[in-house]
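*Asks:* Dropping in my_file_11.tsv, with TSV, C-alpha atoms (C1' of nucleotides).
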chain	number	residue	atom	x	y	z
Z	1	MET	CA	33.47	-21.05	-12.80
Z	2	ALA	CA	32.50	-19.59	-16.15
Z	3	GLU	CA	34.75	-16.80	-17.37
Z	4	ARG	CA	33.08	-13.62	-18.48
Z	5	ARG	CA	34.17	-11.73	-21.52
Z	6	PRO	CA	34.75	-8.10	-20.63
Z	7	GLY	CA	31.71	-5.95	-21.21
Z	8	ARG	CA	29.39	-8.90	-21.58
Z	9	THR	CA	27.02	-9.77	-18.77
Z	10	PRO	CA	24.85	-12.89	-19.09
Z	11	VAL	CA	21.74	-11.68	-20.87
Z	12	GLY	CA	19.43	-12.92	-18.11
Z	13	ARG	CA	21.21	-10.92	-15.45
Z	14	LYS	CA	21.48	-7.85	-17.62
Z	15	LEU	CA	17.80	-7.99	-18.50
Z	16	ALA	CA	16.84	-8.50	-14.85
Z	17	VAL	CA	18.82	-5.51	-13.61
Z	18	THR	CA	18.00	-3.19	-16.50
Z	19	SER	CA	14.32	-4.00	-16.55
Z	20	LYS	CA	14.13	-3.37	-12.83
Z	21	ALA	CA	15.72	0.04	-13.24
Z	22	VAL	CA	13.55	0.91	-16.23
Z	23	GLY	CA	10.42	-0.47	-14.56
Z	24	THR	CA	11.02	1.54	-11.41
Z	25	ALA	CA	11.49	4.73	-13.43
Z	26	PHE	CA	8.42	3.93	-15.53
Z	27	ASN	CA	6.39	3.41	-12.37
Z	28	ALA	CA	7.62	6.71	-10.94
Z	29	ALA	CA	6.58	8.55	-14.11
Z	30	LEU	CA	3.12	6.95	-13.96
Z	31	ALA	CA	2.79	7.53	-10.21
Z	32	GLU	CA	2.91	11.28	-10.85
Z	33	GLN	CA	-0.36	10.76	-12.74
Z	34	GLY	CA	-1.83	8.47	-10.11
Z	35	GLY	CA	-0.96	5.31	-12.04
Z	36	SER	CA	1.44	2.39	-12.05
Z	37	VAL	CA	2.75	-0.02	-14.66
Z	38	PRO	CA	0.06	-2.69	-14.25
Z	39	VAL	CA	-2.68	-0.06	-14.04
Z	40	TRP	CA	-1.41	1.57	-17.21
Z	41	LEU	CA	-1.28	-1.74	-19.07
Z	42	ILE	CA	-4.85	-2.49	-18.03
Z	43	LEU	CA	-6.21	0.94	-18.94
Z	44	ASP	CA	-4.41	0.77	-22.26
Z	45	SER	CA	-5.94	-2.62	-23.00
Z	46	LEU	CA	-9.40	-1.36	-22.06
Z	47	LYS	CA	-8.90	1.73	-24.20
Z	48	HIS	CA	-8.03	-0.35	-27.23
Z	49	GLY	CA	-10.62	-3.02	-26.62
Z	50	ARG	CA	-8.20	-5.87	-27.21
Z	51	TRP	CA	-10.11	-8.56	-25.28
Z	52	THR	CA	-13.35	-10.27	-24.46
Z	53	THR	CA	-13.19	-12.10	-21.13
Z	54	GLN	CA	-11.14	-10.87	-18.21
Z	55	LEU	CA	-8.82	-13.85	-18.51
Z	56	ASP	CA	-8.16	-12.82	-22.11
Z	57	LEU	CA	-7.14	-9.47	-20.75
Z	58	ALA	CA	-5.05	-10.80	-17.87
Z	59	ARG	CA	-3.09	-13.46	-19.74
Z	60	PRO	CA	-1.15	-11.22	-22.18
Z	61	LEU	CA	-0.22	-8.93	-19.30
Z	62	GLY	CA	1.24	-11.89	-17.44
Z	63	ILE	CA	-1.17	-11.74	-14.51
Z	64	GLU	CA	-3.81	-14.11	-13.15
Z	65	GLY	CA	-7.53	-13.51	-12.80
Z	66	PRO	CA	-7.62	-12.54	-9.13
Z	67	THR	CA	-4.86	-10.00	-9.69
Z	68	LEU	CA	-6.87	-8.39	-12.45
Z	69	THR	CA	-9.96	-8.40	-10.24
Z	70	ARG	CA	-8.04	-6.55	-7.57
Z	71	HIS	CA	-6.79	-3.91	-9.99
Z	72	LEU	CA	-10.28	-3.45	-11.42
Z	73	ASP	CA	-11.65	-3.14	-7.87
Z	74	ASN	CA	-9.23	-0.29	-7.24
Z	75	LEU	CA	-9.96	1.37	-10.56
Z	76	GLU	CA	-13.70	1.10	-9.93
Z	77	ALA	CA	-13.33	2.49	-6.40
Z	78	GLY	CA	-11.40	5.37	-7.93
Z	79	GLY	CA	-14.18	5.95	-10.43
Z	80	LEU	CA	-12.03	5.20	-13.48
Z	81	VAL	CA	-14.00	2.19	-14.71
Z	82	VAL	CA	-17.48	0.74	-14.35
Z	83	ARG	CA	-18.40	-2.93	-14.42
Z	84	HIS	CA	-21.72	-4.44	-15.29
Z	85	ARG	CA	-22.71	-7.97	-16.10
Z	86	SER	CA	-23.38	-8.86	-19.68
Z	87	ASP	CA	-26.98	-9.54	-20.74
Z	88	SER	CA	-26.12	-12.36	-23.14
Z	89	ASP	CA	-23.97	-14.26	-20.62
Z	90	ARG	CA	-24.59	-13.21	-17.08
Z	91	ARG	CA	-21.34	-14.77	-15.89
Z	92	ALA	CA	-19.36	-12.34	-18.01
Z	93	VAL	CA	-18.53	-8.81	-16.87
Z	94	SER	CA	-18.15	-5.85	-19.16
Z	95	VAL	CA	-15.62	-3.23	-18.09
Z	96	GLU	CA	-15.65	0.31	-19.46
Z	97	LEU	CA	-13.65	3.46	-18.89
Z	98	THR	CA	-15.62	6.31	-17.35
Z	99	THR	CA	-15.06	9.91	-18.39
Z	100	ALA	CA	-12.71	10.26	-15.43
Z	101	GLY	CA	-11.03	7.06	-16.59
Z	102	GLU	CA	-10.53	8.48	-20.08
Z	103	GLU	CA	-9.03	11.61	-18.59
Z	104	ALA	CA	-6.71	9.64	-16.34
Z	105	TYR	CA	-5.72	7.56	-19.33
Z	106	GLU	CA	-4.83	10.65	-21.32
Z	107	ARG	CA	-2.75	12.05	-18.50
Z	108	MET	CA	-0.88	8.77	-18.15
Z	109	LEU	CA	-0.45	8.62	-21.91
Z	110	GLY	CA	1.35	11.95	-21.76
Z	111	ALA	CA	3.67	10.57	-19.10
Z	112	VAL	CA	4.24	7.40	-21.11
Z	113	ILE	CA	5.10	9.31	-24.27
Z	114	ALA	CA	7.54	11.52	-22.37
Z	115	PHE	CA	9.06	8.50	-20.67
Z	116	ASN	CA	9.49	6.63	-23.93
Z	117	ARG	CA	11.15	9.63	-25.48
Z	118	ARG	CA	13.63	9.75	-22.62
Z	119	LEU	CA	14.13	5.99	-22.71
Z	120	GLN	CA	14.86	5.93	-26.42
Z	121	ALA	CA	17.24	8.87	-26.47
Z	122	GLY	CA	20.23	8.16	-28.67
Z	123	LEU	CA	18.86	4.95	-30.14
Z	124	THR	CA	18.47	4.64	-33.88
Z	125	ALA	CA	15.31	3.37	-35.58
Z	126	ASP	CA	17.24	0.26	-36.59
Z	127	GLU	CA	18.26	-0.40	-33.03
Z	128	LEU	CA	14.71	0.05	-31.79
Z	129	ARG	CA	13.42	-2.34	-34.43
Z	130	LEU	CA	15.99	-4.93	-33.51
Z	131	LEU	CA	15.32	-4.49	-29.79
Z	132	ASP	CA	11.62	-5.04	-30.40
Z	133	ASP	CA	12.36	-8.15	-32.43
Z	134	VAL	CA	14.83	-9.57	-29.92
Z	135	LEU	CA	12.51	-8.94	-26.96
Z	136	THR	CA	9.74	-10.75	-28.81
Z	137	ARG	CA	11.97	-13.75	-29.28
Z	138	LEU	CA	13.14	-13.72	-25.67
Z	139	GLY	CA	9.50	-13.73	-24.59
Z	140	GLU	CA	8.79	-16.68	-26.85
Z	141	ASN	CA	11.79	-18.56	-25.54
Z	142	VAL	CA	10.49	-18.53	-21.98
Z	143	ARG	CA	6.83	-19.15	-22.80
Z	144	THR	CA	5.81	-22.38	-21.12
C	1	MET	CA	-4.58	8.98	-30.15
C	2	ALA	CA	-1.15	7.94	-31.39
C	3	GLU	CA	-1.16	5.50	-34.28
C	4	ARG	CA	0.99	2.42	-33.95
C	5	ARG	CA	3.00	1.01	-36.78
C	6	PRO	CA	2.18	-2.66	-37.21
C	7	GLY	CA	4.56	-4.90	-35.28
C	8	ARG	CA	5.98	-2.05	-33.24
C	9	THR	CA	4.98	-1.68	-29.63
C	10	PRO	CA	6.31	1.31	-27.68
C	11	VAL	CA	9.63	0.13	-26.31
C	12	GLY	CA	8.63	0.90	-22.71
C	13	ARG	CA	5.55	-1.27	-22.88
C	14	LYS	CA	7.35	-4.05	-24.69
C	15	LEU	CA	10.17	-4.03	-22.18
C	16	ALA	CA	7.71	-4.00	-19.27
C	17	VAL	CA	5.73	-6.98	-20.52
C	18	THR	CA	8.70	-9.01	-21.76
C	19	SER	CA	10.83	-8.42	-18.71
C	20	LYS	CA	7.94	-9.47	-16.51
C	21	ALA	CA	7.56	-12.72	-18.43
C	22	VAL	CA	11.30	-13.36	-18.45
C	23	GLY	CA	11.65	-12.39	-14.81
C	24	THR	CA	8.86	-14.70	-13.72
C	25	ALA	CA	10.43	-17.60	-15.61
C	26	PHE	CA	13.87	-16.74	-14.22
C	27	ASN	CA	12.43	-16.70	-10.71
C	28	ALA	CA	10.75	-20.06	-11.27
C	29	ALA	CA	14.04	-21.60	-12.42
C	30	LEU	CA	15.81	-20.23	-9.35
C	31	ALA	CA	12.99	-21.23	-7.01
C	32	GLU	CA	13.68	-24.88	-7.89
C	33	GLN	CA	17.06	-24.34	-6.23
C	34	GLY	CA	15.62	-22.44	-3.30
C	35	GLY	CA	16.50	-19.05	-4.74
C	36	SER	CA	14.95	-16.02	-6.39
C	37	VAL	CA	16.17	-13.26	-8.67
C	38	PRO	CA	17.24	-10.80	-5.95
C	39	VAL	CA	18.79	-13.58	-3.87
C	40	TRP	CA	20.74	-14.77	-6.89
C	41	LEU	CA	21.98	-11.27	-7.68
C	42	ILE	CA	23.13	-10.84	-4.09
C	43	LEU	CA	24.88	-14.21	-3.87
C	44	ASP	CA	26.53	-13.59	-7.21
C	45	SER	CA	27.83	-10.22	-6.02
C	46	LEU	CA	29.13	-11.77	-2.80
C	47	LYS	CA	30.76	-14.55	-4.76
C	48	HIS	CA	32.60	-12.12	-6.96
C	49	GLY	CA	33.43	-9.70	-4.19
C	50	ARG	CA	32.38	-6.66	-6.20
C	51	TRP	CA	31.74	-4.32	-3.26
C	52	THR	CA	32.82	-2.89	0.03
C	53	THR	CA	29.91	-1.41	1.97
C	54	GLN	CA	26.40	-2.83	1.83
C	55	LEU	CA	25.17	0.27	0.06
C	56	ASP	CA	27.78	-0.34	-2.62
C	57	LEU	CA	26.26	-3.77	-3.04
C	58	ALA	CA	22.64	-2.63	-2.98
C	59	ARG	CA	22.93	0.30	-5.35
C	60	PRO	CA	23.92	-1.55	-8.55
C	61	LEU	CA	21.14	-4.07	-7.90
C	62	GLY	CA	18.62	-1.27	-7.73
C	63	ILE	CA	17.61	-1.85	-4.11
C	64	GLU	CA	17.86	0.22	-0.96
C	65	GLY	CA	19.75	-0.59	2.21
C	66	PRO	CA	16.86	-1.95	4.28
C	67	THR	CA	15.87	-4.28	1.44
C	68	LEU	CA	19.38	-5.69	1.34
C	69	THR	CA	19.36	-6.07	5.11
C	70	ARG	CA	16.17	-8.08	4.87
C	71	HIS	CA	17.59	-10.40	2.20
C	72	LEU	CA	20.79	-10.87	4.17
C	73	ASP	CA	18.70	-11.65	7.28
C	74	ASN	CA	16.97	-14.43	5.36
C	75	LEU	CA	20.21	-15.73	3.90
C	76	GLU	CA	21.82	-15.74	7.32
C	77	ALA	CA	18.80	-17.48	8.88
C	78	GLY	CA	19.14	-20.09	6.14
C	79	GLY	CA	22.81	-20.53	6.92
C	80	LEU	CA	24.02	-19.33	3.51
C	81	VAL	CA	25.97	-16.30	4.74
C	82	VAL	CA	27.58	-15.09	7.94
C	83	ARG	CA	27.95	-11.48	9.02
C	84	HIS	CA	30.48	-10.03	11.39
C	85	ARG	CA	31.50	-6.48	12.05
C	86	SER	CA	34.75	-5.28	10.64
C	87	ASP	CA	37.64	-4.66	13.04
C	88	SER	CA	38.96	-1.61	11.23
C	89	ASP	CA	35.58	0.15	11.04
C	90	ARG	CA	33.11	-1.22	13.51
C	91	ARG	CA	30.17	0.35	11.68
C	92	ALA	CA	30.87	-1.78	8.63
C	93	VAL	CA	29.67	-5.37	8.32
C	94	SER	CA	31.50	-8.06	6.42
C	95	VAL	CA	29.32	-10.66	4.71
C	96	GLU	CA	30.68	-14.02	3.58
C	97	LEU	CA	29.25	-17.10	1.94
C	98	THR	CA	29.33	-20.21	4.12
C	99	THR	CA	30.06	-23.63	2.69
C	100	ALA	CA	26.31	-24.18	2.41
C	101	GLY	CA	26.10	-20.81	0.72
C	102	GLU	CA	28.74	-21.79	-1.81
C	103	GLU	CA	26.86	-24.98	-2.53
C	104	ALA	CA	23.57	-23.15	-2.94
C	105	TYR	CA	25.32	-20.70	-5.23
C	106	GLU	CA	26.62	-23.52	-7.41
C	107	ARG	CA	23.20	-25.11	-7.69
C	108	MET	CA	21.66	-21.78	-8.65
C	109	LEU	CA	24.46	-21.18	-11.11
C	110	GLY	CA	23.50	-24.40	-12.88
C	111	ALA	CA	19.92	-23.20	-13.11
C	112	VAL	CA	21.04	-19.79	-14.36
C	113	ILE	CA	23.23	-21.29	-17.07
C	114	ALA	CA	20.42	-23.56	-18.23
C	115	PHE	CA	17.99	-20.66	-18.17
C	116	ASN	CA	20.29	-18.40	-20.15
C	117	ARG	CA	20.76	-21.11	-22.73
C	118	ARG	CA	17.01	-21.40	-23.14
C	119	LEU	CA	16.57	-17.64	-23.18
C	120	GLN	CA	19.18	-17.11	-25.88
C	121	ALA	CA	18.02	-19.88	-28.17
C	122	GLY	CA	18.04	-18.75	-31.78
C	123	LEU	CA	19.84	-15.48	-31.13
C	124	THR	CA	23.10	-14.74	-32.90
C	125	ALA	CA	26.20	-13.47	-31.16
C	126	ASP	CA	25.71	-10.16	-32.94
C	127	GLU	CA	22.18	-9.86	-31.66
C	128	LEU	CA	23.26	-10.65	-28.11
C	129	ARG	CA	26.00	-8.05	-28.30
C	130	LEU	CA	23.59	-5.45	-29.56
C	131	LEU	CA	21.01	-6.36	-26.93
C	132	ASP	CA	23.62	-5.96	-24.21
C	133	ASP	CA	24.64	-2.60	-25.61
C	134	VAL	CA	21.10	-1.33	-26.03
C	135	LEU	CA	20.07	-2.44	-22.54
C	136	THR	CA	23.06	-0.60	-21.12
C	137	ARG	CA	21.98	2.58	-22.87
C	138	LEU	CA	18.36	2.19	-21.78
C	139	GLY	CA	19.58	1.86	-18.20
C	140	GLU	CA	21.66	5.00	-18.57
C	141	ASN	CA	18.74	6.91	-20.05
C	142	VAL	CA	16.59	6.39	-16.96
C	143	ARG	CA	19.32	6.88	-14.40
C	144	THR	CA	18.35	9.82	-12.22
M	1	DT	C1'	28.14	15.92	12.07
M	2	DA	C1'	28.41	12.14	8.71
M	3	DT	C1'	28.27	7.29	7.77
M	4	DT	C1'	26.92	2.23	8.21
M	5	DG	C1'	23.62	-0.56	8.89
M	6	DT	C1'	19.23	-2.06	11.33
M	7	DT	C1'	14.42	-1.79	13.09
M	8	DA	C1'	9.70	-0.49	12.63
M	9	DT	C1'	6.22	-0.09	9.66
M	10	DA	C1'	3.55	-0.21	5.59
M	11	DC	C1'	2.62	-0.53	0.74
M	12	DT	C1'	2.12	-2.81	-4.03
M	13	DC	C1'	1.86	-6.65	-6.81
M	14	DT	C1'	1.20	-11.15	-6.98
M	15	DA	C1'	-0.60	-16.03	-6.49
M	16	DT	C1'	-3.39	-20.41	-5.04
M	17	DA	C1'	-7.56	-22.35	-3.27
M	18	DA	C1'	-12.16	-22.13	-2.47
M	19	DC	C1'	-16.37	-20.11	-3.67
M	20	DT	C1'	-20.71	-18.10	-6.32
M	21	DA	C1'	-23.36	-17.66	-10.24
M	22	DT	C1'	-24.27	-18.80	-14.25
M	23	DA	C1'	-24.12	-21.89	-18.59
G	1	DT	C1'	-19.78	-30.45	-15.44
G	2	DA	C1'	-17.48	-26.33	-17.20
G	3	DT	C1'	-16.78	-21.39	-17.30
G	4	DA	C1'	-16.43	-16.27	-15.60
G	5	DG	C1'	-15.32	-13.92	-12.10
G	6	DT	C1'	-14.77	-12.96	-6.99
G	7	DT	C1'	-13.39	-13.66	-2.11
G	8	DA	C1'	-10.23	-15.21	1.27
G	9	DT	C1'	-5.81	-15.58	2.38
G	10	DA	C1'	-0.95	-15.36	2.12
G	11	DG	C1'	3.69	-14.28	0.57
G	12	DA	C1'	7.52	-11.84	-1.73
G	13	DG	C1'	9.79	-7.64	-2.62
G	14	DT	C1'	10.13	-3.14	-1.80
G	15	DA	C1'	10.48	1.60	0.41
G	16	DT	C1'	10.57	5.64	3.92
G	17	DA	C1'	11.45	7.22	8.50
G	18	DA	C1'	13.53	6.75	12.69
G	19	DC	C1'	17.18	4.76	15.18
G	20	DA	C1'	21.87	2.98	17.15
G	21	DA	C1'	26.53	2.64	16.83
G	22	DT	C1'	30.66	4.33	15.28
G	23	DA	C1'	33.71	7.53	12.91
How does the structure come out when it is put into structure tokens?
*Replies:*
Amino acid sequence: MAERRPGRTPVGRKLAVTSKAVGTAFNAALAEQGGSVPVWLILDSLKHGRWTTQLDLARPLGIEGPTLTRHLDNLEAGGLVVRHRSDSDRRAVSVELTTAGEEAYERMLGAVIAFNRRLQAGLTADELRLLDDVLTRLGENVRT
Amino acid sequence: MAERRPGRTPVGRKLAVTSKAVGTAFNAALAEQGGSVPVWLILDSLKHGRWTTQLDLARPLGIEGPTLTRHLDNLEAGGLVVRHRSDSDRRAVSVELTTAGEEAYERMLGAVIAFNRRLQAGLTADELRLLDDVLTRLGENVRT
DNA sequence: TATTGTTATACTCTATAACTATA
DNA sequence: TATAGTTATAGAGTATAACAATA
């Protein structure tokens, strides 16, 4: 069996456990504003218009089309977004935030900012930069 | 709306998206050996005997008692662990890996080692140390 | 009364396969 | 035939509340 150096957990295990803890806390912070992590990621993408087709939206978030459809169904039922088919290509669907959606987004944004402040407490700018860089490379390393 | 410096995503969002991608890939690697991330974490804890009561096992993994019970039910149904009540305290339950459980653990360990190698590709020892340290502090920052 | 663990129940997020409607 | 999106269906992981057994 592999020996472990004291204080060093295999990075995969560490990332799995930490990200679960952080994700759960992130979800809890968003739940107070009626949101969740995937919902926040979707609203944020809509807000910043970083996409064209729904698959282009889903892919970077690591979800498949039907999962996005389901989230959009819920958001639409909650009155946060509206969908209507495009005129130029009637297969395509345009999704927009409603006024209520914008307001919900802003509330969640407040929770996200507060959460990030708490999460980053005690970390230097250098450490945050390096964390960002390392996470990027980890993501690339597992991309199929 | 908050401006974003180029190349810098809020750490919460980055961690959420990256850990989802890494977690999905980790799960896929374990699934080839009949496992999953939570199952691996549980088997690994059993293997290293780092616990006494089931709650002591569940807590560090970020799950609640009933969730652990469910996983142990599945593991027992699959013949990987056996449970029997302790003689000294008949409320407590002792959980042990069977021979089949040990074998499954070893197969998963191979997958985990290979996965970690892939995950860490291109990262220096210094970067890994810092990542470990930073993840620890992030976990502490969200601990309730 | 407090603790250990289980049962009952239900929720969220997710995916694959098959489908509709366009193109 | 290919593409955009949805519907149908199913599964994994999780939690809260109530419970049983034991201390």
*Asks:* I'd like the interatomic distance between atom CA of Thr98 of chain C and atom CA of Leu30 of chain C, to a tenth of an Å.
*Replies:*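 Distance reported for this atom pair: 19.1 Å.
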*Asks:* Dump as a list in words the residues of chain G that approach chain Z to within 8 Å, counting all atoms listed in the file.
*Replies:*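 Listed by rising number, the hits are DA4, DG5 and DT6 of chain G.
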*Asks:* When the cut-off is 10 Å and we count only C-alpha atoms (C1' of nucleotides), which residues of chain M are near chain C, given as a PDB file with C-alpha atoms (C1' of nucleotides), in the frame of the given file?
*Replies:*
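Written out: part-v1.pdb:
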ATOM      1  C1'  DT M   3      28.270   7.290   7.770  1.00  0.00           C
ATOM      2  C1'  DT M   4      26.920   2.230   8.210  1.00  0.00           C
ATOM      3  C1'  DG M   5      23.620  -0.560   8.890  1.00  0.00           C
ATOM      4  C1'  DT M   6      19.230  -2.060  11.330  1.00  0.00           C
ATOM      5  C1'  DT M   7      14.420  -1.790  13.090  1.00  0.00           C
TER       6       DT M   7
END
*Asks:* Would you kindly report the residues of chain Z within 6 Å of chain C, using only C-alpha atoms, as a CSV table (one decimal) with C-alpha atoms, in the coordinates of the input?
*Replies:*
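Writing the result to iface-v6.csv gives the following:
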chain,number,residue,atom,x,y,z
Z,12,GLY,CA,19.4,-12.9,-18.1
Z,18,THR,CA,18.0,-3.2,-16.5
Z,116,ASN,CA,9.5,6.6,-23.9
Z,119,LEU,CA,14.1,6.0,-22.7
Z,138,LEU,CA,13.1,-13.7,-25.7
Z,139,GLY,CA,9.5,-13.7,-24.6
Z,141,ASN,CA,11.8,-18.6,-25.5
*Asks:* Could you tell me how far atom CA of Asp44 of chain Z sits from atom CA of Ala29 of chain Z, in Å to one decimal place?
*Replies:* 15.7 Å
*Asks:* Just the number, please: distance in Å from atom C1' of DA15 of chain G to atom CA of Ser36 of chain Z, one decimal.
*Replies:*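 Atom-to-atom, atom C1' of DA15 of chain G and atom CA of Ser36 of chain Z are spaced 15.4 Å apart.
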*Asks:* Taking only C-alpha atoms (C1' of nucleotides) into account, which of C:Gly101, C:Ser45, C:Arg85, C:Thr67 comes nearest DT16 of chain G?
*Replies:*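 Nearest candidate to DT16 of chain G out of C:Gly101, C:Ser45, C:Arg85, C:Thr67: C:Thr67.
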*Asks:* Please list as a list in words every residue within 10 Å of segment 73-82 of chain C, counting only C-alpha atoms (C1' of nucleotides) and excluding residues in the same chain fewer than 5 positions away.
*Replies:*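 The neighbour list is Gly35, Val39, Ile42, Leu43, Leu46, Thr67, Leu68, Val93, Ser94, Val95, Glu96, Leu97, Thr98, Thr99, Ala100, Gly101, Glu102, Glu103, Ala104 and Tyr105 of chain C.
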